Amino acid sequence: MVPLNYYLVLSGVLFAIGTAGVFLRRNLITVLLSIEIMLNAVNLTFVAVGRYLGTVDGQIITFFVMTVAAAEAAVGLALVISLFRHRETLNPDAFTALKW
Amino acid sequence: MTDYAAIIPIVIVVLSAVAAMLAEAIRLPGERMPIYGFGLIGLVGAAVASLFLWNTDAHSFFVIRSDNFALFINLVLCVIGILTMMFSNDVVEREHIPAGEYYALTLFAISGMMMMAAATDLLVIFIALEILSLAVYVLTGIRRESPAGSEGAFKYFLLGAFSSAFFLYGIAFAFAVSNGSTRIEDIGRALSAQATGAPPMLALLAVGLLAVGFAFKISAVPFHMWTPDAYEGAPTIVTAFMSTGVKAAAFAAFVRVFLSALEPLQVHWIPILAVVAAATMILGTVVGVVQSNIKRMLAYSSIAHAGYMLLGIVSANSAGKAAILFYLLSYAVTNIGALGIVALLGTAKHQHDELRDFSGLWRTRPGLAGLMTIFLLSLGGIPPTAGFIGKWYIFTAAVQEGHYALAIIGVLTSVISVFFYLRIVVMMYMTEGADVVRPRISRMAMTGLGLATVATFYLGVLPTRVLDVALDSISTIF
């Protein structure tokens with residue numbers, strides 16, 4: 001069996017990739033995708049720890065996380081659409097109605 | 001075994017939200033319906049249910065616990081909700097906010113806040129956090145025709161979703177540390193069992209990530225960037241609601257998690273939170289001074305107030321914990337009063353949120369100017385108002401634990417903050433009238449403002465009773 005540490009490192013790397021994406025990407029849809037990557041890194045941790053401990057709790061928690069992620073994506077995409085109607089762009093640098 | 005008692009207040013609020021949605025669905029086009037009535041009924045019902053549950057310490061499903069701490073927060077949330085509903089009717093109609101959606105989302109957010117305060121399982125806290133956050137994101141952007149509204153909502157959403165990923169990652173590590181449980185008491189037990197020697201890396205990671213998640217929600221520095229934008233972009237009535245409600249719920253969960261489950265690691269997180277508290281107080285005050293938009297100014301003031309409340313968590317004694325509860329209540333009534341007045345003066349065309357819009361308010365609306373002065377002085381911490389007593393208790397708790405530097409920073413920043421609150425007061429009394437149309441304010445909204453004023457003075461003059469209740473409710477969980 002692959003040791004737990006490998007999974008934890010992999011999820012850490014995935015989480016870091018997602019975090020970097022949120023800061024570096026210049027497209028709102030890609031930024032949303034980066035947040036999804038972060039959430040999936042967390043899911044990986046839950047499943048790996050659950051498997052390591054021999055319980056199903058970790059896998060059940062993953063379903064909760066996936067549900068929340070779906071709800072979040074729905075609201076997020078709706079907000080992207082309402083933003084796009086005002087500015088016709090998805091570049092975060094264009095949104096300057098409020099001081100950053 | 002399963003006991004439904006503990007979730008009764010939450011269920012009542014959810015039912016009133018569903019009623020609000022149904023009312024919107026069966027409403028004829030153009031028909032005006034007092035939907036806020038459902039909210040008022042539900043919130044009063046939830047408050048009464050909370051009073052009945054007092055001292056019962058009911059558990060539901062092992063993850064929701066209505067101890068006196070949660071019930072105290074429930075009552076604060078009911079006060080916030082009732083005042084919001086009383087102000088909303090004027091504002092919603094005048095600014096063409098979709099009524100059914102607005103009331104339903106507000107009530108759903110309150111149900112999430114109540115759940116967050118009562119949850120004793122990290123996963124349930126997370127779900128409650130998402131229930132309230134998703135509702136508040138939408139409320140922030142509910143005026144879709146406003147570019148600032150959509151932008152504020154999206155920034156809030158983006159940073160909120162980002163922070164909840166951190167929070168969730170913290171839960172995952174806590175899950176690993178406690179051998180497969182997300183219950184707060186199991187995590188506390190696992191941590192205190194390993195208390196001898198250096199704590200494991202995973203435990204420290206869990207503490208750090210959970211702290212980041214909470215810091216975002218209470219808008220502590222350096223995770224405060226969304227606050228001014230979201231508060232400015234949102235309709236003012238929503239700003240009033242979320243600046244008080246979200247903070248109350250997030251602080252409740254913050255106190256519960258950090259002062260019970262993560263208490264064994266206190267030596268590791270107290271220094272970090274002390275620095276965060278100091279930075280939050282300083283930044284909130286200093287940047288607040290230069291703002292010319294009232295909503296932005298009150299956003300920075302709310303950041304500073306989060307810093308004061310963090311001081312209570314850093315003190316980590318029972319005086320500090322009770323002071324947080326007292327402060328949450330006093331901040332809720334005063335801030336919702338101040339922002340409520342800003343909201344009530346706005347119209348669809350003109351938000352009435354710039355500093356100069358307030359010039360000469362004394363001449364046209366002396367009553368409102370007087371009430372606004374009371375709320376601003378209370379926010380600044382001038383006796384005999386609620387804000388003074390709240391700050392007094394917080395700083396006393398900090399001094400008791402030897403955090404002299406933090407207490408001094410707190411006192412100095414409150415002195416500076418009085419400057420920018422008084423700027424509005426000076427504007428209202430001493431300058432010529434601004435050329436703005438100020439709408440009529442209904443009797444209901446005036447009643448709400450009156451209640452908030454009475455509460456401000458009651459907490460300022462006779463605080464002992466409420467503080468005793470706060471101390472009593474703290475003793476039930478720690």
# chains A, B, ... in the order shown; residues from 1 in each chain; ligands from 1
$ residues_around --residues "B:Leu298" --least-positions-apart "3" --cutoff "12 Å" --atoms "only C-alpha atoms" --output "JSON, numbers by chain"
{"B": [227, 228, 229, 230, 231, 232, 236, 239, 240, 243, 244, 284, 285, 287, 288, 289, 290, 291, 292, 293, 294, 295, 301, 302, 303, 304, 305, 331, 334, 335, 336, 337, 338, 339, 340, 342, 353, 354, 355, 375, 376, 379, 380, 417, 420, 421, 424]}
$ residues_around --residues "B:Ala332" --least-positions-apart "5" --cutoff "8 Å" --atoms "only C-alpha atoms" --output "list in words"
Val76, Ile80, Thr244 and Gly245 of chain B
$ write_last_selection --atoms "N, CA, C and O atoms" --output "PDB file, in the first residue's frame"
ATOM      1  N   VAL B  76     -28.829  37.336  19.977  1.00  0.00           N
ATOM      2  CA  VAL B  76     -28.189  38.463  19.273  1.00  0.00           C
ATOM      3  C   VAL B  76     -28.608  38.453  17.804  1.00  0.00           C
ATOM      4  O   VAL B  76     -28.969  39.484  17.232  1.00  0.00           O
ATOM      5  N   ILE B  80     -30.581  41.236  15.556  1.00  0.00           N
ATOM      6  CA  ILE B  80     -30.081  41.737  14.272  1.00  0.00           C
ATOM      7  C   ILE B  80     -31.138  41.547  13.188  1.00  0.00           C
ATOM      8  O   ILE B  80     -31.459  42.466  12.434  1.00  0.00           O
ATOM      9  N   THR B 244     -22.956  42.829  10.923  1.00  0.00           N
ATOM     10  CA  THR B 244     -23.198  42.416  12.299  1.00  0.00           C
ATOM     11  C   THR B 244     -23.440  40.908  12.405  1.00  0.00           C
ATOM     12  O   THR B 244     -22.823  40.242  13.224  1.00  0.00           O
ATOM     13  N   GLY B 245     -24.305  40.376  11.528  1.00  0.00           N
ATOM     14  CA  GLY B 245     -24.677  38.969  11.650  1.00  0.00           C
ATOM     15  C   GLY B 245     -23.537  38.015  11.377  1.00  0.00           C
ATOM     16  O   GLY B 245     -23.260  37.111  12.163  1.00  0.00           O
TER      17      GLY B 245
END
$ residues_around --residues "A:Tyr52" --least-positions-apart "4" --cutoff "9 Å" --atoms "only C-alpha atoms" --output "ChimeraX atom specification"
/A:3-4,47-48
$ interface_residues --of "chain A" --to "chain B" --cutoff "9 Å" --atoms "only C-alpha atoms" --output "ChimeraX atom specification"
/A:15,19,22,31-32,35-36,38-39,41-43,45-46,49-50,53,55,57-58,61,64-65,68-69,71-72,75-76,79-80,82-83,86-87,95-100
$ residues_around --residues "stretch 357-371 of chain B" --least-positions-apart "3" --cutoff "6 Å" --atoms "only C-alpha atoms" --output "list in words"
His352, Glu354, Ile374, Met427, Met428, Tyr429, Thr431, Glu432, Gly433 and Ala434 of chain B
$ write_last_selection --atoms "C-alpha atoms" --output "CSV table (one decimal), in the first residue's frame"
chain,number,residue,atom,x,y,z
B,352,HIS,CA,-26.7,58.8,0.3
B,354,GLU,CA,-20.9,60.0,0.8
B,374,ILE,CA,-25.8,58.4,19.5
B,427,MET,CA,-20.9,67.4,9.0
B,428,MET,CA,-24.5,66.9,10.2
B,429,TYR,CA,-24.6,69.9,12.6
B,431,THR,CA,-22.3,72.7,7.6
B,432,GLU,CA,-24.8,74.0,5.2
B,433,GLY,CA,-27.5,71.6,3.9
B,434,ALA,CA,-26.6,69.3,1.0
$ residues_around --residues "stretch 43-57 of chain B" --least-positions-apart "3" --cutoff "10 Å" --atoms "only C-alpha atoms" --output "VMD selection string"
chain B and resid 5 to 14 16 37 to 40 65 to 82 85 107 110 to 111 114 472 to 473 476 to 477
$ write_last_selection --atoms "C-alpha atoms" --output "mmCIF file, in the first residue's frame"
data_model
loop_
_atom_site.group_PDB
_atom_site.id
_atom_site.type_symbol
_atom_site.label_atom_id
_atom_site.label_comp_id
_atom_site.auth_asym_id
_atom_site.auth_seq_id
_atom_site.Cartn_x
_atom_site.Cartn_y
_atom_site.Cartn_z
ATOM 1 C CA ALA B 5 -35.213 20.342 20.770
ATOM 2 C CA ALA B 6 -31.877 21.969 19.991
ATOM 3 C CA ILE B 7 -32.725 22.722 16.365
ATOM 4 C CA ILE B 8 -36.158 24.284 16.993
ATOM 5 C CA PRO B 9 -34.984 27.933 16.647
ATOM 6 C CA ILE B 10 -33.165 27.080 13.407
ATOM 7 C CA VAL B 11 -36.185 25.239 12.019
ATOM 8 C CA ILE B 12 -38.504 28.162 12.834
ATOM 9 C CA VAL B 13 -36.286 30.567 10.906
ATOM 10 C CA VAL B 14 -36.010 28.166 7.948
ATOM 11 C CA SER B 16 -40.277 31.565 7.805
ATOM 12 C CA GLY B 37 -44.014 40.007 8.393
ATOM 13 C CA PHE B 38 -43.013 36.367 7.924
ATOM 14 C CA GLY B 39 -39.487 37.266 8.912
ATOM 15 C CA LEU B 40 -40.618 39.126 12.007
ATOM 16 C CA ARG B 65 -25.856 21.734 20.919
ATOM 17 C CA SER B 66 -28.078 24.507 22.226
ATOM 18 C CA ASP B 67 -26.080 25.444 25.264
ATOM 19 C CA ASN B 68 -26.511 28.909 26.747
ATOM 20 C CA PHE B 69 -23.602 30.169 24.648
ATOM 21 C CA ALA B 70 -25.345 29.241 21.396
ATOM 22 C CA LEU B 71 -28.641 30.588 22.708
ATOM 23 C CA PHE B 72 -27.082 33.919 23.613
ATOM 24 C CA ILE B 73 -25.768 34.218 20.050
ATOM 25 C CA ASN B 74 -29.218 33.136 18.794
ATOM 26 C CA LEU B 75 -30.778 36.035 20.669
ATOM 27 C CA VAL B 76 -28.189 38.463 19.273
ATOM 28 C CA LEU B 77 -28.951 37.148 15.777
ATOM 29 C CA CYS B 78 -32.696 37.530 16.372
ATOM 30 C CA VAL B 79 -32.145 41.150 17.420
ATOM 31 C CA ILE B 80 -30.081 41.737 14.272
ATOM 32 C CA GLY B 81 -32.694 40.040 12.111
ATOM 33 C CA ILE B 82 -35.663 41.863 13.642
ATOM 34 C CA MET B 85 -36.647 43.393 8.872
ATOM 35 C CA LEU B 107 -33.662 34.457 6.732
ATOM 36 C CA ILE B 110 -29.761 33.797 9.770
ATOM 37 C CA SER B 111 -30.559 30.078 9.983
ATOM 38 C CA MET B 114 -27.623 30.072 14.237
ATOM 39 C CA ASP B 472 -23.316 32.424 32.800
ATOM 40 C CA SER B 473 -23.604 31.301 29.187
ATOM 41 C CA THR B 476 -21.735 26.210 30.150
ATOM 42 C CA ILE B 477 -19.250 25.317 27.436
#
$ atom_distance --atom1 "atom CA of B:Val257" --atom2 "atom CA of B:Thr413"
28.0 Å
$ closest_residue --among "A:Ala70, A:Leu90, A:Ile60, A:Leu77" --to "A:Leu28" --atoms "only C-alpha atoms"
A:Leu90
$ atom_distance --atom1 "atom CA of B:Leu139" --atom2 "atom CA of B:Val92"
12.0 Å
